[in-house]
Amino acid sequence: MTQITGIKLNSIVKRFGDVTAVNNISFEIKPGEFFALLGPSGCGKTTTLRLIAGLETATKGTILFNDQDVTRAEPKERDIAMVFQDYALYPHMTVAENIGYPLKVRKVNEKEKAKKVIETAKQFKIDHLLDRKPGQLSGGQQQRVALARALVHQPKVFLFDEPLSNLDARLRLESRTFLKHIQSKLGITTIYVTHDQAEALALADRMAVLKDGQIRQLGTPQEIYEQPADSFVADFIGDPPMNLIDCRLNPIKGNLEILFPGIKVTIPEEKLVLNKKVDPKKDYIFGIRPEHVILADRKGDIEGKVYAIETLGSMTLITLMVGDSRVRVNTHEMNLGLKIEQEVPIKLNYDMVRIYEKESGLLIK
Amino acid sequence: MQLLSKKAAMIFILPGLILIFIFLIFPALWTFFLSLTNYSLLDNSLEFVGLKNFFKLFRDQRFWHSTIVTFQFVIGSALFGQTALGLLLAVMLHKKRGIMKELLTNFAVASWIIPSVVVVYLWAAFLDKEYGLLNQLLGFIGVTPRDWLNKFPMWVIIIWNIWRGSAFSMMLFTSALQTIPPSYLETADVIGASRWNKFRDILLPSLKNYIGTDLILITLWTFNLFTPYLLTKGGPGNATEIFPIYTYHEAFKYMQFGYGSAISVVILLINLGFALFYLRSMKGGKQ
Ligand SMILES: Nc1ncnc2c1ncn2[C@@H]1O[C@H](COP(=O)(O)OP(=O)(O)OP(=O)(O)O)[C@@H](O)[C@H]1O
Ligand SMILES: [Mg+2]
C-alpha cells in the first residue's frame with residue numbers, strides 16, 4: 001500500500017515580479033492529516049498549494065515530503081493528485097477514459113486499467129456513467145469523476161483547490177460529507193484550499209488561516225474558532241460572525257470599566273483577566289461569539305434593544321442595539337415572544353470573551 | 001420578438017447581396033459559361049462548344065502534369081508545411097515567455113505581412129546563383145554554389161510558401177491554445193504525462209476544429225496562389241506550373257479564354273471537394 005506522506009514547508013516565499021504571493025510561510029502537515037488552507041481572495045492559498053504540487057517553484061525556502069527535499073522536484077516526481085476548481089476533466093474523453101488517464105500515462109496494461117477504473121468508479125458511485133462525456137454530467141457527477149481520476153493511481157498526497165465552489169449549496173454539503181468520508185477511509189494526506197470558513201472548519205483536522213501571504217493562525221478548527229489569534233481571524237471565522245465591538249478599558253479599584261460606544265459596563269476585574277496591562281488611552285476590540293451572548297430572564301449585565309429577529313430554522317438570530325453597537329445573539333429557543341424595539345437584558349459569558357488590541361489586532365485574552 | 005420586419009431586413013441586406021452578386025457570383029457564372037465556349041481573343045470567336053473544352057483538358061498532358069505539381073505544392077507547403085510547422089511552433093511556444101518567443105513570433109509575422117512582390121524579389125536575390133546570399137553562406141562551409149531556382153524549383157516554391165505562410169497557422173493555433181484551460185495541462189503534469197502524452201491526448205483533440213479550419217483556409221489559399229509565378233514563371237519548362245499559373249498561361253499567354261475558364265471550373269470543383277471533406281471530418285469529430 002501507499003506509504004503515508006508528511007509535508008513540511010520551511011520559510012517559503014514566492015514572488016511574481018513585484019507581487020509577493022506567499023510571504024515566509026512555515027507549517028507542517030502530519031501523515032494522513034486533512035489540512036485546510038483558509039483565507040480571503042488573493043491571500044496566496046492557491047499559490048501555496050501549487051508550490052506543494054510543484055507547479056510553481058519557491059523563490060525562497062524548502063518543501064519536504066517525508067524529510068526528502070522536493071523544493072525543485074517536478075510535479076510528477078512527487079506522487080500527488082490535484083483536483084482543480086474547474087475539475088479539468090478532458091471533454092473529448094469519456095468518463096472511463098478520464099478516470100483511466102493517469103493509468104494510461106503510467107502504461108498500466110489495458111486489463112488492469114479497466115479493472116481499476118471500474119473499481120474506482122464503483123467506489124464513487126459513478127460506474128453507470130462510464131461511457132458518457134463530461135459535458136453530459138451534472139456538476140456533482142463531474143466532481144466525483146475528478147475525484148476518481150485523482151485517486152485511481154493511489155497518490156500519496158491529495159491536493160484540492162476549492163473543489164466545491166462550483167456546486168450549489170445543497171450539493172456542496174453533500175459533497176463535503178462525501179469528501180470527508182473518503183479521506184477518513186483512505187487516510188491520504190490531504191491539503192484543501194478554500195475561502196469558505198465553514199468548509200474548512202467542517203473538514204479539517206488542522207488548518208491555517210492566511211492573509212496577505214502570511215499565516216495568521218495555525219491550529220485545529222476548534223482552537224481557531226474559540227480562540228482566534230487576532231481580530232482578522234476573529235472576524236473571518238464563524239457564521240454568524242463574532243461580535244466585535246470597539247471599546248476602551250478602564251481599571252478602577254479592582255473593577256474593570258468597559259466603555260462601549262454609548263454604554264458603559266463595570267465588572268469585577270477577575271471576570272476578565274488580561275495577559276497585558278491595560279492602557280486606558282488605547283482602543284480595544286471586545287469580541288464575543290453570538291452563542292455566548294445569553295438572553296437573561298430578569299437581571300442581565302447589560303440591556304439591549306431588539307433590532308431584528310431572524311429565524312434560521314434550528315436557531316434564532318437576534319440582533320440587538322447595545323449602546324450604539326449592534327450585537328448578534330444566537331439562541332436555540334424558538335418562540336421568544338420578542339418584539340422589535342423591546343428592551344431585553346443580556347448576560348455575557350465572560351470566559352468566552354476575547355479582547356484584541358485595536359491597533360495591532362493582537363489577542364490579549 | 002421580431003426586431004425588424006422582413007421587408008426592412010431585406011433592405012439592409014440588399015446592398016451586400018448586390019455586391020456579392022456583382023463581384024462573386026456573376027464572375028463565377030460567367031466563367032462557367034465561358035468554359036462551354038471556344039472564346040478566344042486571338043480570333044474573337046465565341047461559339048458554344050458544349051463540354052469540348054473539358055474533354056480536351058482531360059487529354060492534355062500539361063493539365064495532368066499541373067495537377068501533380070499542384071498537389072505536391074499544396075501537400076508539401078500547406079499541409080506538412082504551414083499547418084504542421086505552425087502547430088509545432090504554437091505548441092512549443094505555448095506558456096513560454098521571453099526573448100525567444102518574441103523573436104520567433106516577430107520573425108514569423110514579418111514574413112507574413114511583407115508584400116508579396118517585395119518578398120519574392122528578396123527571395124530571388126537570396127537564391128541567385130552568382131550573387132545570392134544563400135550560396136555565399138554555403139560557400140563559407142565549403143558547399144559548391146548551386147542554381148537553386150533552376151535545379152530545385154519545386155523545393156524552392158514549397159519552402160518559400162512554408163516560410164511565407166506559417167505565421168498565419170501559428171497565430172491561429174496560438175490563440176486556439178489560449179482557449180484551453182491551463183488546468184488541463186497542469187492536471188496532466190501532476191499525473192506525470194510526458195510532453196508527447198500532453199500533445200496527443202490533450203492539445204491535439206482540443207485543437208481538432210481549429211486544425212480543420214486552418215486546413216480549409218490554407219489549402220484553398222495555396223491552391224489559388226499565383227505568387228510563385230514571380231519566382232519561377234512556372235518553369236523551368238513547366239516544372240512549377242501549378243494550377244493558377246497553368247490557367248494564366250492558357251488564358252493570357254495563348255489567349256484561350258474558353259479553355260482557361262474550363263480549367264478554372266475544374267480547380268473550383270477540386271477546391272469545393274477539399275472544403276467539403278474537411279468540413280465533414282470536422283463535424284464527425286464533434287460528439
Ligand atoms: N502567475 C501569477 N503571476 C502574477 N501574480 C500572481 C500569479 N499567481 C498569483 N498571483 C498573485 O498572487 C497573489 C495570491 O494569489 P493566489 O492565487 O494564491 O490567491 P488565492 O488565495 O488563491 O485567491 P483566490 O481565493 O481568489 O483564488 C494574488 O495577489 C495574485 O494576483
Ligand atoms: Mg485560488
# chains A, B, ... in the order shown; residues from 1 in each chain; ligands from 1
>>> residues_near_ligand(ligand="ligand 1", cutoff="10 Å", atoms="only C-alpha atoms and all ligand atoms", output="NGL selection string")
:A and (14-22 or 37-51 or 56 or 85 or 161-162 or 193-196 or 210-213)
>>> interface_residues(of="chain A", to="chain B", cutoff="10 Å", atoms="only C-alpha atoms", output="VMD selection string")
chain A and resid 50 53 to 55 74 to 93 101 to 106 133 135 149 to 150 153 155
>>> residues_around(residues="A:Ala202", least_positions_apart="4", cutoff="9 Å", atoms="only C-alpha atoms", output="list in words")
Arg176, Thr177, Lys180, Gln197, Ala198 and Pro221 of chain A
>>> atom_distance(atom1="atom CA of B:Asp60", atom2="atom CA of B:Ile263")
11.1 Å
>>> closest_atom_pairs(of="stretch 276-340 of chain A", to="stretch 243-252 of chain A", cutoff="8 Å", atoms="only C-alpha atoms", output="tab-separated table")
residue	atom	partner	partner_atom	distance
A:Val278	CA	A:Leu249	CA	6.7
A:Asp279	CA	A:Leu249	CA	7.2
A:Pro280	CA	A:Asn250	CA	5.0
A:Lys281	CA	A:Arg248	CA	7.3
A:Lys282	CA	A:Arg248	CA	6.6
A:Asp283	CA	A:Arg248	CA	5.3
A:Tyr284	CA	A:Cys247	CA	5.2
A:Ile285	CA	A:Asp246	CA	4.6
A:Phe286	CA	A:Ile245	CA	5.0
A:Gly287	CA	A:Leu244	CA	4.5
A:Ile288	CA	A:Asn243	CA	5.2
A:Arg289	CA	A:Asn243	CA	5.8
A:Pro290	CA	A:Asn243	CA	6.6
A:Ser325	CA	A:Ile245	CA	7.0
A:Val327	CA	A:Asn243	CA	6.0
A:Arg328	CA	A:Asn243	CA	6.4
>>> closest_residue(among="A:Asn98, A:Gln136, A:Ser165, A:Ser26", to="ligand 2", atoms="only C-alpha atoms and all ligand atoms")
A:Ser165
>>> closest_residue(among="A:Gly323, A:Ala36, A:Glu119, A:Ile355", to="A:Ala234", atoms="only C-alpha atoms")
A:Ile355
>>> residues_around(residues="B:Ser77", least_positions_apart="6", cutoff="6 Å", atoms="only C-alpha atoms", output="list in words")
Ile158, Asn161 and Ile162 of chain B
>>> closest_residue(among="A:Glu343, A:Val108, A:Val13, A:Phe160", to="ligand 2", atoms="only C-alpha atoms and all ligand atoms")
A:Phe160
>>> residues_around(residues="B:Ala239", least_positions_apart="4", cutoff="8 Å", atoms="only C-alpha atoms", output="mmCIF file with C-alpha atoms, in the first residue's frame")
data_model
loop_
_atom_site.group_PDB
_atom_site.id
_atom_site.type_symbol
_atom_site.label_atom_id
_atom_site.label_comp_id
_atom_site.auth_asym_id
_atom_site.auth_seq_id
_atom_site.Cartn_x
_atom_site.Cartn_y
_atom_site.Cartn_z
ATOM 1 C CA VAL B 69 2.727 19.652 -59.377
ATOM 2 C CA PRO B 153 12.365 24.830 -58.445
ATOM 3 C CA MET B 154 9.716 22.726 -56.712
ATOM 4 C CA GLY B 234 6.028 28.246 -63.738
ATOM 5 C CA GLY B 235 9.336 26.957 -65.028
#
>>> select_by_dssp(residues="stretch 75-114 of chain A", states="alpha helix (DSSP H)", output="ChimeraX atom specification")
/A:95-105,110-114
>>> residues_around(residues="stretch 248-262 of chain B", least_positions_apart="3", cutoff="8 Å", atoms="only C-alpha atoms", output="number ranges by chain")
B: 31-32, 34-42, 53-54, 57, 244-245, 265-266
>>> atom_distance(atom1="atom CA of A:Gly6", atom2="atom CA of A:Arg72")
17.3 Å
